[in-house]
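Note: the block below is upload-v6.txt and it holds compact mmCIF, C-alpha atoms.
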```txt
# COMPACT_ATOMS: atom_id res chain seq x y z
CA MET A 1 -56.30 17.57 -18.80
CA LYS A 2 -58.73 19.23 -16.41
CA THR A 3 -62.48 19.07 -16.62
CA ILE A 4 -64.25 22.40 -16.25
CA ASP A 5 -65.56 21.95 -12.70
CA GLN A 6 -62.33 20.66 -11.18
CA LYS A 7 -60.69 22.57 -8.33
CA GLU A 8 -57.64 24.64 -9.20
CA THR A 9 -54.44 23.21 -7.74
CA ALA A 10 -51.13 24.47 -6.34
CA ALA A 11 -47.83 22.70 -5.60
CA PHE A 12 -45.03 24.17 -3.51
CA ILE A 13 -41.64 22.62 -2.84
CA THR A 14 -39.68 23.51 0.31
CA SER A 15 -36.03 22.42 0.16
CA ARG A 16 -34.42 24.56 2.89
CA ASP A 17 -34.82 24.37 6.68
CA THR A 18 -34.29 28.03 7.55
CA LEU A 19 -36.99 30.58 8.51
CA ASP A 20 -36.72 32.17 5.06
CA GLY A 21 -36.92 28.68 3.54
CA VAL A 22 -40.05 27.54 5.37
CA TYR A 23 -42.31 30.63 5.35
CA PRO A 24 -42.92 31.02 1.58
CA GLY A 25 -44.38 27.52 1.15
CA LEU A 26 -46.66 27.88 4.18
CA ILE A 27 -47.88 31.38 3.33
CA LEU A 28 -48.41 30.59 -0.35
CA GLY A 29 -50.10 27.30 0.58
CA MET A 30 -52.57 29.01 2.92
CA ASN A 31 -53.31 31.75 0.41
CA ALA A 32 -53.92 29.16 -2.30
CA VAL A 33 -56.45 27.37 -0.08
CA ARG A 34 -58.13 30.70 0.69
CA LEU A 35 -58.47 31.26 -3.07
CA GLY A 36 -60.38 27.99 -3.21
CA MET A 37 -57.49 25.94 -4.55
CA GLU A 38 -56.13 22.60 -3.42
CA ALA A 39 -52.56 23.06 -2.10
CA ARG A 40 -49.75 20.63 -1.35
CA ILE A 41 -46.27 21.33 0.00
CA PHE A 42 -43.53 18.82 -0.82
CA TYR A 43 -40.73 18.84 1.76
CA THR A 44 -37.43 17.62 0.34
CA PHE A 45 -33.66 17.76 1.00
CA MET A 46 -32.94 19.90 4.09
CA GLY A 47 -36.51 21.23 3.90
CA ILE A 48 -37.73 17.93 5.31
CA ASN A 49 -36.41 18.92 8.77
CA VAL A 50 -39.16 21.50 8.93
CA ILE A 51 -41.88 18.89 9.40
CA ARG A 52 -39.95 16.82 11.93
CA LYS A 53 -41.47 16.67 15.42
CA GLY A 54 -40.18 19.50 17.61
CA TRP A 55 -38.38 21.32 14.82
CA SER A 56 -40.62 24.37 14.46
CA GLU A 57 -39.47 25.80 17.80
CA LYS A 58 -35.87 25.76 16.62
CA ALA A 59 -36.31 27.37 13.17
CA LYS A 60 -33.48 29.76 12.38
CA PHE A 61 -33.16 32.66 10.04
CA GLN A 62 -30.21 32.43 7.65
CA PRO A 63 -28.63 35.87 7.37
CA PRO A 64 -27.17 36.39 3.90
CA GLY A 65 -23.51 36.92 2.97
CA PHE A 66 -20.86 38.04 5.42
CA MET A 67 -23.30 38.33 8.33
CA GLY A 68 -23.84 34.58 8.20
CA ALA A 69 -20.12 34.09 8.86
CA ILE A 70 -19.96 35.78 12.26
CA PRO A 71 -20.48 33.26 15.07
CA GLY A 72 -23.74 34.04 16.86
CA MET A 73 -24.94 36.28 14.03
CA SER A 74 -27.47 33.71 12.90
CA ALA A 75 -28.90 33.63 16.43
CA ILE A 76 -29.14 37.43 16.58
CA ALA A 77 -30.65 37.63 13.09
CA THR A 78 -33.11 34.87 14.02
CA TRP A 79 -34.13 36.71 17.18
CA MET A 80 -34.54 40.00 15.25
CA MET A 81 -36.51 38.30 12.50
CA LYS A 82 -38.74 36.48 14.99
CA SER A 83 -39.51 39.70 16.87
CA LYS A 84 -40.35 41.42 13.56
CA ILE A 85 -42.58 38.50 12.58
CA LYS A 86 -44.35 38.74 15.95
CA LYS A 87 -44.79 42.53 15.78
CA ALA A 88 -46.36 42.23 12.33
CA HIS A 89 -48.77 39.64 13.77
CA VAL A 90 -47.40 36.94 11.48
CA PRO A 91 -47.82 33.58 13.25
CA CYS A 92 -44.69 31.60 14.21
CA VAL A 93 -43.75 28.52 12.15
CA GLY A 94 -45.42 25.99 14.46
CA ASP A 95 -48.69 27.92 14.56
CA LEU A 96 -48.58 28.57 10.83
CA GLN A 97 -48.09 24.85 10.15
CA GLU A 98 -51.08 24.02 12.34
CA MET A 99 -53.22 26.70 10.68
CA ALA A 100 -52.17 25.58 7.21
CA GLN A 101 -53.04 21.94 7.91
CA CYS A 102 -56.35 22.95 9.53
CA GLU A 103 -57.30 24.97 6.46
CA GLY A 104 -56.48 22.01 4.23
CA VAL A 105 -52.90 22.42 3.01
CA LYS A 106 -51.39 18.95 2.61
CA PHE A 107 -47.83 18.26 3.77
CA ILE A 108 -45.87 15.68 1.77
CA ALA A 109 -42.44 14.29 2.75
CA CYS A 110 -40.00 13.23 0.00
CA LYS A 111 -39.38 9.49 0.11
CA MET A 112 -35.80 9.67 -1.21
CA THR A 113 -34.82 12.20 1.43
CA ILE A 114 -36.40 10.06 4.16
CA ASP A 115 -34.37 7.06 3.00
CA MET A 116 -31.21 9.19 2.77
CA MET A 117 -31.61 10.58 6.27
CA GLY A 118 -32.82 7.33 7.81
CA PHE A 119 -36.11 8.81 9.03
CA THR A 120 -39.37 6.97 9.64
CA LYS A 121 -42.97 8.19 9.46
CA ASP A 122 -42.87 8.58 13.27
CA ASP A 123 -40.28 11.34 13.01
CA PHE A 124 -42.80 13.69 11.41
CA ILE A 125 -45.64 15.81 12.75
CA GLU A 126 -49.25 14.60 12.41
CA GLY A 127 -50.81 14.43 8.97
CA VAL A 128 -47.63 14.19 6.88
CA GLU A 129 -47.90 11.89 3.88
CA ILE A 130 -44.90 10.25 2.17
CA GLN A 131 -44.48 10.37 -1.60
CA ALA A 132 -41.75 9.69 -4.16
CA ALA A 133 -40.63 12.61 -6.33
CA GLU A 134 -42.28 10.96 -9.35
CA GLU A 135 -45.64 10.85 -7.64
CA PHE A 136 -45.40 14.49 -6.58
CA LEU A 137 -44.26 15.59 -10.05
CA LYS A 138 -47.28 13.81 -11.54
CA TYR A 139 -49.46 16.07 -9.38
CA ALA A 140 -47.38 19.24 -9.82
CA LYS A 141 -47.22 19.12 -13.64
CA ASP A 142 -50.99 19.43 -13.83
CA CYS A 143 -51.20 22.22 -11.26
CA ASN A 144 -52.23 25.78 -12.09
CA ILE A 145 -49.13 26.90 -10.25
CA ALA A 146 -46.02 25.08 -9.06
CA LEU A 147 -43.20 26.87 -7.26
CA PHE A 148 -39.88 25.58 -5.94
CA THR A 149 -39.40 28.01 -3.06
CA MET B 1 -59.58 31.17 -17.69
CA LYS B 2 -57.97 33.11 -20.53
CA THR B 3 -59.76 34.33 -23.63
CA ILE B 4 -57.98 33.59 -26.89
CA ASP B 5 -56.65 37.09 -27.60
CA GLN B 6 -55.33 37.81 -24.11
CA LYS B 7 -51.65 38.59 -23.62
CA GLU B 8 -49.46 35.82 -22.23
CA THR B 9 -48.33 36.50 -18.65
CA ALA B 10 -45.30 35.84 -16.45
CA ALA B 11 -44.78 36.08 -12.69
CA PHE B 12 -41.41 36.08 -10.97
CA ILE B 13 -40.76 36.12 -7.23
CA THR B 14 -37.51 37.55 -5.85
CA SER B 15 -36.91 36.63 -2.20
CA ARG B 16 -33.16 37.25 -1.79
CA ASP B 17 -31.24 40.54 -1.76
CA THR B 18 -27.94 39.33 -3.21
CA LEU B 19 -26.65 39.88 -6.77
CA ASP B 20 -27.44 36.25 -7.63
CA GLY B 21 -30.87 36.74 -6.05
CA VAL B 22 -31.85 39.86 -7.97
CA TYR B 23 -30.57 39.21 -11.51
CA PRO B 24 -32.76 36.22 -12.49
CA GLY B 25 -36.06 38.04 -11.89
CA LEU B 26 -34.94 41.13 -13.80
CA ILE B 27 -33.46 39.23 -16.76
CA LEU B 28 -36.39 36.84 -17.03
CA GLY B 29 -38.83 39.75 -16.64
CA MET B 30 -37.24 41.71 -19.48
CA ASN B 31 -37.09 38.67 -21.72
CA ALA B 32 -40.74 37.91 -21.04
CA VAL B 33 -41.71 41.44 -22.07
CA ARG B 34 -39.58 41.10 -25.21
CA LEU B 35 -41.53 37.93 -26.04
CA GLY B 36 -44.68 40.06 -25.92
CA MET B 37 -45.75 38.88 -22.48
CA GLU B 38 -46.90 40.88 -19.47
CA ALA B 39 -44.38 40.46 -16.65
CA ARG B 40 -44.52 41.18 -12.92
CA ILE B 41 -41.85 40.69 -10.26
CA PHE B 42 -43.01 40.21 -6.68
CA TYR B 43 -40.36 41.28 -4.14
CA THR B 44 -40.75 39.51 -0.81
CA PHE B 45 -38.77 38.64 2.34
CA MET B 46 -35.15 39.89 2.04
CA GLY B 47 -35.73 40.40 -1.70
CA ILE B 48 -37.73 43.50 -0.88
CA ASN B 49 -34.50 45.35 -0.07
CA VAL B 50 -33.66 45.27 -3.76
CA ILE B 51 -36.32 47.85 -4.62
CA ARG B 52 -35.53 50.18 -1.72
CA LYS B 53 -34.20 53.59 -2.70
CA GLY B 54 -30.41 53.59 -2.94
CA TRP B 55 -30.04 49.84 -2.59
CA SER B 56 -28.98 48.89 -6.12
CA GLU B 57 -25.54 50.52 -5.67
CA LYS B 58 -24.84 48.28 -2.68
CA ALA B 59 -25.91 44.92 -4.16
CA LYS B 60 -23.56 42.14 -3.08
CA PHE B 61 -22.76 38.75 -4.54
CA GLN B 62 -23.16 35.87 -2.10
CA PRO B 63 -20.26 33.46 -2.61
CA PRO B 64 -21.31 29.89 -1.91
CA GLY B 65 -20.05 27.59 0.83
CA PHE B 66 -16.74 28.06 2.62
CA MET B 67 -15.82 31.17 0.60
CA GLY B 68 -18.74 33.01 2.17
CA ALA B 69 -17.21 32.44 5.59
CA ILE B 70 -13.95 34.32 5.04
CA PRO B 71 -14.31 37.97 6.14
CA GLY B 72 -14.03 40.22 3.11
CA MET B 73 -14.57 37.32 0.70
CA SER B 74 -18.06 38.54 -0.14
CA ALA B 75 -16.61 41.96 -1.06
CA ILE B 76 -13.96 40.37 -3.29
CA ALA B 77 -16.46 38.00 -4.90
CA THR B 78 -18.85 40.93 -5.43
CA TRP B 79 -16.08 43.00 -7.05
CA MET B 80 -15.06 40.07 -9.29
CA MET B 81 -18.67 39.34 -10.22
CA LYS B 82 -19.40 43.01 -10.97
CA SER B 83 -16.33 43.32 -13.20
CA LYS B 84 -17.36 40.13 -15.05
CA ILE B 85 -20.87 41.50 -15.44
CA LYS B 86 -19.46 44.75 -16.83
CA LYS B 87 -17.06 42.99 -19.22
CA ALA B 88 -19.92 40.90 -20.62
CA HIS B 89 -21.87 44.15 -21.20
CA VAL B 90 -24.57 43.05 -18.75
CA PRO B 91 -26.07 46.21 -17.19
CA CYS B 92 -25.65 46.78 -13.43
CA VAL B 93 -28.66 46.21 -11.15
CA GLY B 94 -29.77 49.87 -11.06
CA ASP B 95 -29.64 50.23 -14.85
CA LEU B 96 -31.32 46.87 -15.35
CA GLN B 97 -34.14 47.88 -12.99
CA GLU B 98 -34.65 51.12 -14.93
CA MET B 99 -34.58 49.29 -18.28
CA ALA B 100 -36.99 46.63 -17.02
CA GLN B 101 -39.50 49.21 -15.77
CA CYS B 102 -39.16 51.23 -19.00
CA GLU B 103 -39.90 48.16 -21.07
CA GLY B 104 -42.97 47.47 -18.96
CA VAL B 105 -41.97 44.99 -16.24
CA LYS B 106 -44.05 45.73 -13.14
CA PHE B 107 -42.42 45.71 -9.68
CA ILE B 108 -44.64 44.62 -6.78
CA ALA B 109 -43.67 44.82 -3.10
CA CYS B 110 -45.06 42.23 -0.66
CA LYS B 111 -47.41 43.84 1.86
CA MET B 112 -46.65 41.41 4.68
CA THR B 113 -42.89 42.00 4.36
CA ILE B 114 -43.45 45.77 4.35
CA ASP B 115 -45.44 45.51 7.58
CA MET B 116 -42.82 43.19 9.09
CA MET B 117 -39.94 45.52 8.26
CA GLY B 118 -41.82 48.70 9.06
CA PHE B 119 -41.34 50.18 5.57
CA THR B 120 -43.60 52.71 3.85
CA LYS B 121 -44.28 53.29 0.15
CA ASP B 122 -41.72 56.15 0.27
CA ASP B 123 -38.89 53.73 0.98
CA PHE B 124 -39.18 52.21 -2.50
CA ILE B 125 -38.03 53.33 -5.95
CA GLU B 126 -40.54 54.93 -8.33
CA GLY B 127 -43.28 52.78 -9.81
CA VAL B 128 -43.40 50.07 -7.15
CA GLU B 129 -46.89 48.81 -6.35
CA ILE B 130 -47.85 47.12 -3.06
CA GLN B 131 -49.82 43.87 -3.02
CA ALA B 132 -50.70 41.15 -0.53
CA ALA B 133 -49.46 37.63 -1.28
CA GLU B 134 -53.04 36.55 -1.98
CA GLU B 135 -53.47 39.19 -4.67
CA PHE B 136 -50.19 38.25 -6.32
CA LEU B 137 -50.98 34.54 -6.18
CA LYS B 138 -54.33 35.23 -7.87
CA TYR B 139 -52.34 36.71 -10.77
CA ALA B 140 -49.54 34.12 -10.74
CA LYS B 141 -51.79 31.05 -10.77
CA ASP B 142 -53.19 32.09 -14.14
CA CYS B 143 -49.78 32.95 -15.65
CA ASN B 144 -48.19 30.99 -18.47
CA ILE B 145 -45.08 30.84 -16.33
CA ALA B 146 -44.42 31.52 -12.66
CA LEU B 147 -40.97 31.12 -11.11
CA PHE B 148 -39.78 31.60 -7.53
CA THR B 149 -36.19 32.61 -8.22
CA MET C 1 -50.76 26.54 -27.83
CA LYS C 2 -50.37 22.77 -27.73
CA THR C 3 -52.03 20.32 -30.08
CA ILE C 4 -53.67 17.34 -28.42
CA ASP C 5 -51.03 14.73 -29.24
CA GLN C 6 -48.00 16.78 -28.27
CA LYS C 7 -45.66 15.50 -25.58
CA GLU C 8 -45.91 17.12 -22.16
CA THR C 9 -42.90 19.26 -21.32
CA ALA C 10 -40.85 20.27 -18.28
CA ALA C 11 -38.27 23.02 -17.73
CA PHE C 12 -35.91 23.19 -14.77
CA ILE C 13 -33.44 25.96 -13.99
CA THR C 14 -30.33 25.24 -11.91
CA SER C 15 -28.60 28.39 -10.67
CA ARG C 16 -26.42 27.10 -7.81
CA ASP C 17 -23.33 24.88 -7.95
CA THR C 18 -23.70 23.11 -4.61
CA LEU C 19 -24.87 19.51 -4.05
CA ASP C 20 -28.25 20.79 -2.85
CA GLY C 21 -28.36 23.08 -5.89
CA VAL C 22 -27.66 20.41 -8.51
CA TYR C 23 -29.68 17.39 -7.32
CA PRO C 24 -33.25 18.77 -7.63
CA GLY C 25 -32.92 19.59 -11.35
CA LEU C 26 -31.42 16.21 -12.18
CA ILE C 27 -33.88 14.18 -10.13
CA LEU C 28 -36.91 16.13 -11.33
CA GLY C 29 -35.61 15.97 -14.92
CA MET C 30 -35.26 12.19 -14.82
CA ASN C 31 -38.65 11.74 -13.21
CA ALA C 32 -40.24 13.96 -15.84
CA VAL C 33 -38.74 11.82 -18.61
CA ARG C 34 -39.96 8.67 -16.84
CA LEU C 35 -43.47 10.18 -16.86
CA GLY C 36 -43.17 10.42 -20.65
CA MET C 37 -42.41 14.14 -20.68
CA GLU C 38 -39.70 16.05 -22.52
CA ALA C 39 -37.34 17.64 -19.98
CA ARG C 40 -34.71 20.35 -20.24
CA ILE C 41 -32.43 21.77 -17.55
CA PHE C 42 -31.13 25.31 -18.02
CA TYR C 43 -27.84 25.91 -16.20
CA THR C 44 -27.29 29.56 -15.35
CA PHE C 45 -25.28 31.82 -12.98
CA MET C 46 -23.14 29.68 -10.64
CA GLY C 47 -25.20 26.64 -11.65
CA ILE C 48 -23.32 26.54 -14.94
CA ASN C 49 -20.25 25.18 -13.14
CA VAL C 50 -22.12 21.95 -12.64
CA ILE C 51 -21.88 20.99 -16.31
CA ARG C 52 -18.22 21.96 -16.69
CA LYS C 53 -15.84 19.11 -17.45
CA GLY C 54 -14.47 17.55 -14.26
CA TRP C 55 -16.78 19.45 -11.96
CA SER C 56 -19.08 16.65 -10.79
CA GLU C 57 -16.28 15.02 -8.74
CA LYS C 58 -15.84 18.22 -6.75
CA ALA C 59 -19.51 18.99 -5.95
CA LYS C 60 -19.92 20.31 -2.41
CA PHE C 61 -22.83 20.43 -0.03
CA GLN C 62 -23.59 23.90 1.33
CA PRO C 63 -24.40 23.59 5.02
CA PRO C 64 -26.94 26.20 6.09
CA GLY C 65 -26.46 29.00 8.59
CA PHE C 66 -23.75 29.05 11.22
CA MET C 67 -22.35 25.67 10.15
CA GLY C 68 -21.29 27.13 6.83
CA ALA C 69 -19.10 29.63 8.65
CA ILE C 70 -16.78 27.12 10.33
CA PRO C 71 -13.71 26.44 8.17
CA GLY C 72 -13.80 22.82 7.01
CA MET C 73 -17.46 22.43 7.97
CA SER C 74 -18.51 22.42 4.33
CA ALA C 75 -16.05 19.58 3.65
CA ILE C 76 -17.39 17.55 6.60
CA ALA C 77 -21.01 18.26 5.64
CA THR C 78 -20.22 17.30 2.04
CA TRP C 79 -18.61 14.05 3.15
CA MET C 80 -21.58 13.26 5.45
CA MET C 81 -24.07 14.14 2.73
CA LYS C 82 -22.21 12.08 0.12
CA SER C 83 -22.07 9.06 2.40
CA LYS C 84 -25.81 9.40 3.09
CA ILE C 85 -26.49 9.71 -0.63
CA LYS C 86 -24.44 6.55 -1.24
CA LYS C 87 -26.11 4.57 1.56
CA ALA C 88 -29.54 5.45 0.16
CA HIS C 89 -28.37 4.16 -3.25
CA VAL C 90 -28.79 7.60 -4.79
CA PRO C 91 -26.26 7.92 -7.64
CA CYS C 92 -23.48 10.55 -7.34
CA VAL C 93 -23.77 13.73 -9.42
CA GLY C 94 -21.57 12.50 -12.29
CA ASP C 95 -23.49 9.23 -12.63
CA LEU C 96 -26.82 10.99 -12.29
CA GLN C 97 -25.86 13.43 -15.06
CA GLU C 98 -24.91 10.54 -17.34
CA MET C 99 -28.13 8.67 -16.54
CA ALA C 100 -30.23 11.79 -17.07
CA GLN C 101 -28.69 12.50 -20.47
CA CYS C 102 -29.01 8.81 -21.47
CA GLU C 103 -32.70 8.84 -20.61
CA GLY C 104 -33.17 11.99 -22.68
CA VAL C 105 -32.93 14.97 -20.33
CA LYS C 106 -31.42 17.87 -22.28
CA PHE C 107 -28.76 20.10 -20.67
CA ILE C 108 -28.74 23.75 -21.76
CA ALA C 109 -26.05 26.29 -20.82
CA CYS C 110 -27.01 29.97 -20.43
CA LYS C 111 -25.31 32.10 -23.10
CA MET C 112 -25.07 35.24 -20.96
CA THR C 113 -23.37 33.34 -18.13
CA ILE C 114 -20.92 31.77 -20.61
CA ASP C 115 -20.02 35.23 -21.93
CA MET C 116 -19.73 36.58 -18.39
CA MET C 117 -17.43 33.79 -17.26
CA GLY C 118 -15.46 33.62 -20.49
CA PHE C 119 -16.26 29.95 -21.11
CA THR C 120 -16.38 28.18 -24.49
CA LYS C 121 -18.42 25.17 -25.60
CA ASP C 122 -15.31 23.01 -24.97
CA ASP C 123 -15.48 23.71 -21.24
CA PHE C 124 -18.67 21.70 -20.91
CA ILE C 125 -19.45 17.98 -20.76
CA GLU C 126 -20.72 16.20 -23.88
CA GLY C 127 -24.19 17.01 -25.17
CA VAL C 128 -24.60 20.45 -23.64
CA GLU C 129 -26.42 22.93 -25.86
CA ILE C 130 -26.07 26.73 -25.56
CA GLN C 131 -29.14 29.00 -25.47
CA ALA C 132 -29.94 32.60 -24.60
CA ALA C 133 -32.39 33.20 -21.73
CA GLU C 134 -34.98 34.42 -24.21
CA GLU C 135 -34.85 31.17 -26.16
CA PHE C 136 -35.18 29.08 -23.01
CA LEU C 137 -38.03 31.21 -21.69
CA LYS C 138 -39.87 30.74 -24.99
CA TYR C 139 -39.73 26.98 -24.30
CA ALA C 140 -40.41 27.21 -20.56
CA LYS C 141 -43.51 29.41 -20.80
CA ASP C 142 -45.30 26.71 -22.76
CA CYS C 143 -44.21 23.89 -20.45
CA ASN C 144 -46.61 21.96 -18.25
CA ILE C 145 -44.22 22.63 -15.41
CA ALA C 146 -41.31 25.04 -14.98
CA LEU C 147 -39.32 25.23 -11.75
CA PHE C 148 -36.41 27.47 -10.76
CA THR C 149 -34.68 25.15 -8.32
```
Rewrite the coordinates I just gave you, this time as structure tokens.
Amino acid sequence: MKTIDQKETAAFITSRDTLDGVYPGLILGMNAVRLGMEARIFYTFMGINVIRKGWSEKAKFQPPGFMGAIPGMSAIATWMMKSKIKKAHVPCVGDLQEMAQCEGVKFIACKMTIDMMGFTKDDFIEGVEIQAAEEFLKYAKDCNIALFT
Amino acid sequence: MKTIDQKETAAFITSRDTLDGVYPGLILGMNAVRLGMEARIFYTFMGINVIRKGWSEKAKFQPPGFMGAIPGMSAIATWMMKSKIKKAHVPCVGDLQEMAQCEGVKFIACKMTIDMMGFTKDDFIEGVEIQAAEEFLKYAKDCNIALFT
Amino acid sequence: MKTIDQKETAAFITSRDTLDGVYPGLILGMNAVRLGMEARIFYTFMGINVIRKGWSEKAKFQPPGFMGAIPGMSAIATWMMKSKIKKAHVPCVGDLQEMAQCEGVKFIACKMTIDMMGFTKDDFIEGVEIQAAEEFLKYAKDCNIALFT
């Protein structure tokens, strides 16, 4: 139950580690903060790779369907997508992550996934918090908006 | 904050341009309208292709996993899926889009994706509106239901 | 409109039949129940395979991008993922389904998908209920949280 003066809240879940998997959470998170909301992104399953140190430089675009099956196609599609992103003045993943954190978007890593993958807190970029799914769900269920992207 | 007599609202986000990516938004959108709700679908990232002129005839089913890697498998899976869809009297994508719009579902195209892909308003089917992510989020956060399909 | 004493509710939609498609719904469903909520998972499109008799033993992990295109890669990735899941003491899909149902998570199969695929109620594991999308949406729109995973 929210009191009247409480900040509106947003929860996003990122479960994939491709360019098309990581952008929605970051862009929605930043827009939520700009609307005066509190925003948290929960990184889980493969999505957790996205907040590992050094990952953002390697982000790949996953071309759909048959295209994804041609060796090298993912690299070409990634290069095309990155050049389109640049031309449209959309920041790259690393910059977007930094901007998002600066503006107040909170990054949360899924505890179960960390245990599964054998990661430690040191494997992640600055400012990442670790939470169990239950803890995140407790936050998300009371949010004005919650999206599993 | 909603007043008591306001219509209930639904927001769906379609980010993939495969058959399995496009159906959920359309079917949920139509059902929402039939429940007396206002419904909007936001087409973003690859999902924006779905509302380009002439696209609905080419919609493909993305077979999961190994199947997707066999050349021609996507075409076979698409043909099988389309014949199943037809046999179950589910309308094809083009017809479903027309029905959805007729019944009042609103189609919104993501401004950032349009800029990224170099599209113009003319590239889209009739009735598509263009909005920035922020504008859509402002609507979605107050919706009774919002799903990123 | 909810009365004050009503239970909080959660709706999850599972539309993919890969390991990474099936886990989120089950884990979020169980956590919702543990938070005292009522939780339902709606299985639709390919996701419906997950609740077919005998399926849970065959669940596969869908490796992203280029990896998914190498014949046998999905099998290796599935084996790696399953061994990681086991080492982290995360139950396998079949056990997790049983646990989830025991704790009160309700499994719903999408009527349209059943008609499309030519399934009958007998094709599904014990305790699965059949609902049309409209019926599920009527529940989901009033939920505290609804996620399309």
Sorted by chain and rising residue number, list the residues of chain A at most 6 Å from chain B (counting all atoms listed in the file), each with its closest atom pair and distance in Å to one decimal, as JSON lines.
```
{"residue": "A:Asn31", "atom": "CA", "partner": "B:Glu134", "partner_atom": "CA", "distance": 5.4}
{"residue": "A:Gly65", "atom": "CA", "partner": "B:Gln62", "partner_atom": "CA", "distance": 5.2}
{"residue": "A:Ala69", "atom": "CA", "partner": "B:Ala69", "partner_atom": "CA", "distance": 4.7}
{"residue": "A:Lys84", "atom": "CA", "partner": "B:Met116", "partner_atom": "CA", "distance": 5.4}
{"residue": "A:Ile85", "atom": "CA", "partner": "B:Met116", "partner_atom": "CA", "distance": 5.9}
{"residue": "A:Ala88", "atom": "CA", "partner": "B:Met116", "partner_atom": "CA", "distance": 4.9}
{"residue": "A:Asn144", "atom": "CA", "partner": "B:Lys141", "partner_atom": "CA", "distance": 5.5}
{"residue": "A:Ile145", "atom": "CA", "partner": "B:Lys141", "partner_atom": "CA", "distance": 5.0}
{"residue": "A:Leu147", "atom": "CA", "partner": "B:Phe148", "partner_atom": "CA", "distance": 5.8}
{"residue": "A:Thr149", "atom": "CA", "partner": "B:Phe148", "partner_atom": "CA", "distance": 5.7}
```
Enter the distance from CA of Val93 (chain B) to CA of Val22 (chain B), in Å, rounded to one decimal.
7.8 Å
Atom-to-atom span, CA of Gly127 (chain A) and CA of Ile27 (chain A), Å:
18.1 Å
Provide the CA of Gln131 (chain C) to CA of Thr14 (chain C) distance in Å, to one decimal place.
14.1 Å
As JSON, please report the centre and edge lengths, rounded to one decimal in Å, of the axis-aligned box that holds all listed atoms of region 101-118 of chain C with 5 Å of padding on each of the six sides.
```
{"center_x": -24.3, "center_y": 22.7, "center_z": -20.2, "size_x": 27.7, "size_y": 37.8, "size_z": 15.8}
```
Region 52-56 of chain A environment, 9 Å, only C-alpha atoms, sequence neighbours closer than 2 positions dropped, as an MDAnalysis selection string
chainID A and resid 48:50 58:59 92:95 97 122:126
